[in-house]
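Asks: Structure provided below as structure tokens; questions to follow.
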Amino acid sequence: MSEGKRTLSGVSCPGCPHRAAYIACKEALGRRRGRIICGNAGCSNVGAMHPAATVCPGGEEALLDRYKFAVPTDGTAEEPACEAVIHFIPDTDLAAENASETLCALPAEGRVVILAVLASSREFITVDALEALAARALDLGCDEAAIVDPFDSQKSSDVLHGALAWPGVHAVVFASPCAQLQYGEFQAEPVEIDQYACACCHRCRQITGCPAITFAPPVFRIDRDACAGCDLCVEYCRTNVIYSPRSRMTPEQRSRARYAAANQR
């Protein structure tokens, strides 16, 4: 993240790819009995947090009990504990030597299990490193492994829905550099909300939980000092009143720009 951008203790930073990955997973999984999200969607900056805390300003303590799910441990490979499970894990945990011990019980967690790997560390900002991470998931028993940009909402949704349609263990590597690693002009340009057209539907804030979005009655506003320019809120604004300087860029171009910003340091 460029110098001067603010962070909040206990809350995922503006532009955090962990938040984008969680939202994609929540949207794809839906709200049916037997479908849960668990694991660790935290980071070294805010600590190990429950996955839902990545979109809940204030952290895990503010969550309702129904959003707090532990990793299922009462199932077997023949009789999994749940219908579908999305299990979050940081990239460094997957790369660790003891990863096989940690993940050996994945088939028992659910009929369908998605290992959601959060690849945002400095060690994983090259194509070779990301491909090695996907290969690591395959070596540890995943049936398949895909690499997606969590800020590419459409592709993330397609990959997740495809994985949820087939029993087994699938790995999805959500690849985008940590907001704290990004420097340069790309991240310095915040989005803007049209104050006259904003319908105050609360959707941008409720879905993304981004601390750069604030409610200043009667409309929402962007904290320009906090916004990291990830454009996640633009994706979920139904009235299309949030404008981005990157609106003409494709998801692939935006992804390359984020990695270029991270590699400047």
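In the structure tokens, each chain is lettered A, B, ... as it comes, each chain's residues begin at 1, and ligands are numbered from 1 in order of appearance.
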As a VMD selection string, please: all residues of stretch 39-137 of chain A that backbone DSSP puts in strand (DSSP E or B).
Replies: chain A and resid 39 43 47 82 to 90 110 to 119
Asks: Restricting the calculation to only C-alpha atoms, which member of A:Met249, A:Ser157, A:Pro217, A:Tyr196 is positioned closest to A:Glu27?
Replies: A:Ser157
Asks: Measuring atom to atom with only C-alpha atoms, identify which of A:Val117, A:Val55, A:Ala129, A:Val234 is nearest to A:Tyr67.
Replies: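 Of all the options, A:Val55 lies closest to A:Tyr67.
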Asks: Using only C-alpha atoms, determine which residues lie at most 9 Å from A:Ala21, disregarding the query and same-chain residues fewer than 5 positions distant; provide the list as a compact mmCIF listing (two decimals) with N, CA and C atoms, in the first residue's frame.
Replies:
```txt
# COMPACT_ATOMS: atom_id res chain seq x y z
N LYS A 26 -18.27 -16.62 0.01
CA LYS A 26 -19.58 -16.51 0.67
C LYS A 26 -20.70 -16.45 -0.36
N ALA A 116 -9.24 -22.97 0.15
CA ALA A 116 -9.06 -21.60 -0.34
C ALA A 116 -7.72 -21.07 0.17
N LEU A 118 -4.89 -18.37 0.44
CA LEU A 118 -4.74 -16.92 0.34
C LEU A 118 -3.29 -16.59 0.03
N ASP A 149 -7.60 -14.47 -9.49
CA ASP A 149 -7.47 -13.17 -8.85
C ASP A 149 -8.76 -12.94 -8.05
N PRO A 150 -8.69 -12.79 -6.72
CA PRO A 150 -9.92 -12.62 -5.95
C PRO A 150 -10.70 -11.36 -6.30
N PHE A 151 -10.02 -10.36 -6.90
CA PHE A 151 -10.70 -9.14 -7.30
C PHE A 151 -11.38 -9.27 -8.66
N SER A 153 -14.19 -10.80 -9.75
CA SER A 153 -15.36 -11.42 -9.14
C SER A 153 -16.01 -12.48 -10.03
N SER A 156 -13.71 -15.64 -10.30
CA SER A 156 -13.71 -16.32 -9.00
C SER A 156 -15.01 -17.08 -8.80
N PHE A 174 -6.16 -18.03 -4.32
CA PHE A 174 -6.56 -16.64 -4.54
C PHE A 174 -5.30 -15.78 -4.53
```
Asks: For A:Leu29, please output as JSON, numbers by chain all residues within 8 Å (counting only C-alpha atoms; exclusion window: fewer than 2 positions along the same chain).
Replies: {"A": [25, 26, 27, 31, 35, 36, 84, 161, 164]}
Asks: Just list the residues in stretch 25-256 of chain A DSSP gives alpha helix (DSSP H) on the backbone, as an NGL selection string.
Replies: :A and (25-29 or 91-95 or 99-103 or 106-109 or 127-139 or 153-164 or 185-188 or 203-208 or 232-235 or 251-256)
Asks: Can you tell me which residues surround A:Val112 at a distance of at most 12 Å, considering only C-alpha atoms, apart from same-chain residues fewer than 4 positions away, and format the answer as JSON, numbers by chain?
Replies: {"A": [29, 34, 35, 36, 37, 77, 79, 80, 81, 82, 83, 84, 85, 86, 87, 106, 107, 108, 142, 143, 160, 161, 162, 163, 164, 165, 166, 167, 168, 169, 170, 171]}
Asks: Between A:Ala28, A:Pro190, A:Gly75, A:Met49, which residue has the minimum interatomic distance to A:Leu63, considering only C-alpha atoms?
Replies: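 Nearest candidate to A:Leu63 out of A:Ala28, A:Pro190, A:Gly75, A:Met49: A:Met49.
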Asks: Can you work out the spacing between atom CA of A:Ser244 and atom CA of A:Cys56 in Å, to one decimal?
Replies: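 Taking atom CA of A:Ser244 as the start and atom CA of A:Cys56 as the end point, the length is 23.7 Å.
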Asks: Rank A:Ile23, A:Ala228, A:Val71, A:Val11 by their smallest atom-to-atom distance to A:Ala179, using only C-alpha atoms, and report the top residue only.
Replies: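 Of A:Ile23, A:Ala228, A:Val71, A:Val11, the one nearest A:Ala179 is A:Ala228, counting only C-alpha atoms.
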Asks: With a distance cut-off of 10 Å and only C-alpha atoms, select the neighbouring residues of A:Arg224, excluding the residue or stretch itself and same-chain residues fewer than 2 positions from it, and output the selection as a ChimeraX atom specification.
Replies: /A:5-6,188-192,212-213,221-222,226-229
Asks: Go ahead and write the residues just picked, all heavy atoms, as an mmCIF file, in the first residue's frame.
Replies:
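The resulting file, out03.cif, is shown below:
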```cif
data_model
loop_
_atom_site.group_PDB
_atom_site.id
_atom_site.type_symbol
_atom_site.label_atom_id
_atom_site.label_comp_id
_atom_site.auth_asym_id
_atom_site.auth_seq_id
_atom_site.Cartn_x
_atom_site.Cartn_y
_atom_site.Cartn_z
ATOM 1 N N LYS A 5 -1.444 5.762 3.405
ATOM 2 C CA LYS A 5 -2.692 5.016 3.540
ATOM 3 C C LYS A 5 -2.805 4.497 4.971
ATOM 4 O O LYS A 5 -1.847 3.989 5.538
ATOM 5 C CB LYS A 5 -2.749 3.848 2.552
ATOM 6 C CG LYS A 5 -2.701 4.284 1.093
ATOM 7 C CD LYS A 5 -3.914 5.090 0.708
ATOM 8 C CE LYS A 5 -3.882 5.405 -0.798
ATOM 9 N NZ LYS A 5 -4.987 6.261 -1.207
ATOM 10 N N ARG A 6 -3.986 4.582 5.563
ATOM 11 C CA ARG A 6 -4.164 4.205 6.943
ATOM 12 C C ARG A 6 -4.627 2.770 7.071
ATOM 13 O O ARG A 6 -5.315 2.242 6.212
ATOM 14 C CB ARG A 6 -5.198 5.135 7.607
ATOM 15 C CG ARG A 6 -4.779 6.574 7.614
ATOM 16 C CD ARG A 6 -5.752 7.428 8.391
ATOM 17 N NE ARG A 6 -7.136 7.210 7.972
ATOM 18 C CZ ARG A 6 -8.081 8.108 8.189
ATOM 19 N NH1 ARG A 6 -7.791 9.258 8.761
ATOM 20 N NH2 ARG A 6 -9.330 7.858 7.815
ATOM 21 N N ALA A 188 -2.479 4.755 -5.559
ATOM 22 C CA ALA A 188 -2.680 6.087 -4.987
ATOM 23 C C ALA A 188 -4.000 6.720 -5.414
ATOM 24 O O ALA A 188 -4.388 7.746 -4.862
ATOM 25 C CB ALA A 188 -1.523 7.002 -5.381
ATOM 26 N N GLU A 189 -4.684 6.144 -6.388
ATOM 27 C CA GLU A 189 -5.910 6.747 -6.897
ATOM 28 C C GLU A 189 -7.148 6.071 -6.302
ATOM 29 O O GLU A 189 -7.459 4.941 -6.640
ATOM 30 C CB GLU A 189 -5.966 6.642 -8.416
ATOM 31 C CG GLU A 189 -4.858 7.404 -9.128
ATOM 32 C CD GLU A 189 -5.023 7.339 -10.629
ATOM 33 O OE1 GLU A 189 -5.897 8.057 -11.157
ATOM 34 O OE2 GLU A 189 -4.298 6.557 -11.262
ATOM 35 N N PRO A 190 -7.850 6.755 -5.400
ATOM 36 C CA PRO A 190 -9.050 6.164 -4.792
ATOM 37 C C PRO A 190 -10.248 6.225 -5.727
ATOM 38 O O PRO A 190 -10.255 6.961 -6.712
ATOM 39 C CB PRO A 190 -9.278 7.054 -3.562
ATOM 40 C CG PRO A 190 -8.744 8.385 -3.990
ATOM 41 C CD PRO A 190 -7.539 8.082 -4.860
ATOM 42 N N VAL A 191 -11.274 5.455 -5.405
ATOM 43 C CA VAL A 191 -12.537 5.537 -6.138
ATOM 44 C C VAL A 191 -13.330 6.730 -5.617
ATOM 45 O O VAL A 191 -12.981 7.326 -4.590
ATOM 46 C CB VAL A 191 -13.361 4.241 -5.987
ATOM 47 C CG1 VAL A 191 -12.596 3.057 -6.533
ATOM 48 C CG2 VAL A 191 -13.755 4.016 -4.530
ATOM 49 N N GLU A 192 -14.411 7.063 -6.312
ATOM 50 C CA GLU A 192 -15.264 8.169 -5.891
ATOM 51 C C GLU A 192 -16.727 7.742 -5.939
ATOM 52 O O GLU A 192 -17.122 6.958 -6.814
ATOM 53 C CB GLU A 192 -15.062 9.385 -6.798
ATOM 54 C CG GLU A 192 -13.674 9.990 -6.725
ATOM 55 C CD GLU A 192 -13.556 11.239 -7.580
ATOM 56 O OE1 GLU A 192 -14.620 11.757 -8.012
ATOM 57 O OE2 GLU A 192 -12.431 11.689 -7.819
ATOM 58 N N ALA A 212 -12.697 1.839 4.373
ATOM 59 C CA ALA A 212 -12.535 3.096 3.630
ATOM 60 C C ALA A 212 -13.878 3.683 3.218
ATOM 61 O O ALA A 212 -13.943 4.813 2.746
ATOM 62 C CB ALA A 212 -11.664 2.878 2.396
ATOM 63 N N ILE A 213 -14.968 2.910 3.400
ATOM 64 C CA ILE A 213 -16.314 3.377 3.068
ATOM 65 C C ILE A 213 -16.992 3.830 4.357
ATOM 66 O O ILE A 213 -17.108 3.050 5.310
ATOM 67 C CB ILE A 213 -17.147 2.277 2.405
ATOM 68 C CG1 ILE A 213 -16.447 1.744 1.150
ATOM 69 C CG2 ILE A 213 -18.539 2.792 2.049
ATOM 70 C CD1 ILE A 213 -17.148 0.557 0.520
ATOM 71 N N ARG A 221 -19.616 7.792 1.662
ATOM 72 C CA ARG A 221 -18.457 8.510 1.141
ATOM 73 C C ARG A 221 -17.221 7.613 1.196
ATOM 74 O O ARG A 221 -17.187 6.628 1.942
ATOM 75 C CB ARG A 221 -18.199 9.793 1.938
ATOM 76 C CG ARG A 221 -19.362 10.776 1.924
ATOM 77 C CD ARG A 221 -19.044 12.025 2.739
ATOM 78 N NE ARG A 221 -20.215 12.881 2.867
ATOM 79 C CZ ARG A 221 -20.583 13.775 1.960
ATOM 80 N NH1 ARG A 221 -19.830 13.933 0.868
ATOM 81 N NH2 ARG A 221 -21.658 14.512 2.141
ATOM 82 N N ILE A 222 -16.210 7.964 0.406
ATOM 83 C CA ILE A 222 -14.943 7.247 0.383
ATOM 84 C C ILE A 222 -13.897 8.057 1.139
ATOM 85 O O ILE A 222 -13.704 9.251 0.878
ATOM 86 C CB ILE A 222 -14.451 7.004 -1.057
ATOM 87 C CG1 ILE A 222 -15.433 6.115 -1.828
ATOM 88 C CG2 ILE A 222 -13.055 6.381 -1.063
ATOM 89 C CD1 ILE A 222 -15.545 4.696 -1.309
ATOM 90 N N ALA A 226 -7.683 6.429 3.019
ATOM 91 C CA ALA A 226 -7.664 5.002 3.336
ATOM 92 C C ALA A 226 -7.835 4.117 2.108
ATOM 93 O O ALA A 226 -7.311 3.005 2.063
ATOM 94 C CB ALA A 226 -8.764 4.677 4.352
ATOM 95 N N CYS A 227 -8.575 4.586 1.104
ATOM 96 C CA CYS A 227 -8.871 3.769 -0.072
ATOM 97 C C CYS A 227 -7.601 3.318 -0.776
ATOM 98 O O CYS A 227 -6.702 4.113 -1.052
ATOM 99 C CB CYS A 227 -9.750 4.558 -1.039
ATOM 100 S SG CYS A 227 -10.162 3.659 -2.563
ATOM 101 N N ALA A 228 -7.535 2.014 -1.067
ATOM 102 C CA ALA A 228 -6.367 1.438 -1.738
ATOM 103 C C ALA A 228 -6.598 1.226 -3.224
ATOM 104 O O ALA A 228 -5.729 0.698 -3.916
ATOM 105 C CB ALA A 228 -5.995 0.109 -1.083
ATOM 106 N N GLY A 229 -7.774 1.590 -3.730
ATOM 107 C CA GLY A 229 -8.032 1.451 -5.153
ATOM 108 C C GLY A 229 -8.207 0.026 -5.629
ATOM 109 O O GLY A 229 -7.851 -0.293 -6.765
#
```
Asks: Using only C-alpha atoms, which residues sit within 12 Å of A:Ser12 once same-chain residues fewer than 2 positions away are excluded, as a ChimeraX atom specification?
Replies: /A:6-10,14-20,22,41-60,178-180,208-212,226
Asks: Report the distance between atom CA of A:Ala62 and atom CA of A:Phe88 in Å, rounded to one decimal place.
Replies: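 Those two atoms sit 19.9 Å apart.
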Asks: Would you mind listing, for every residue of stretch 23-101 of chain A within 8 Å of stretch 133-137 of chain A, the two atoms forming the shortest contact and the distance between them in Å to one decimal, using only C-alpha atoms, sorted by chain and ascending residue number, as JSON lines?
Replies:
```
{"residue": "A:Asp91", "atom": "CA", "partner": "A:Leu133", "partner_atom": "CA", "distance": 7.6}
{"residue": "A:Leu94", "atom": "CA", "partner": "A:Ala137", "partner_atom": "CA", "distance": 7.4}
{"residue": "A:Ala95", "atom": "CA", "partner": "A:Leu133", "partner_atom": "CA", "distance": 6.9}
```
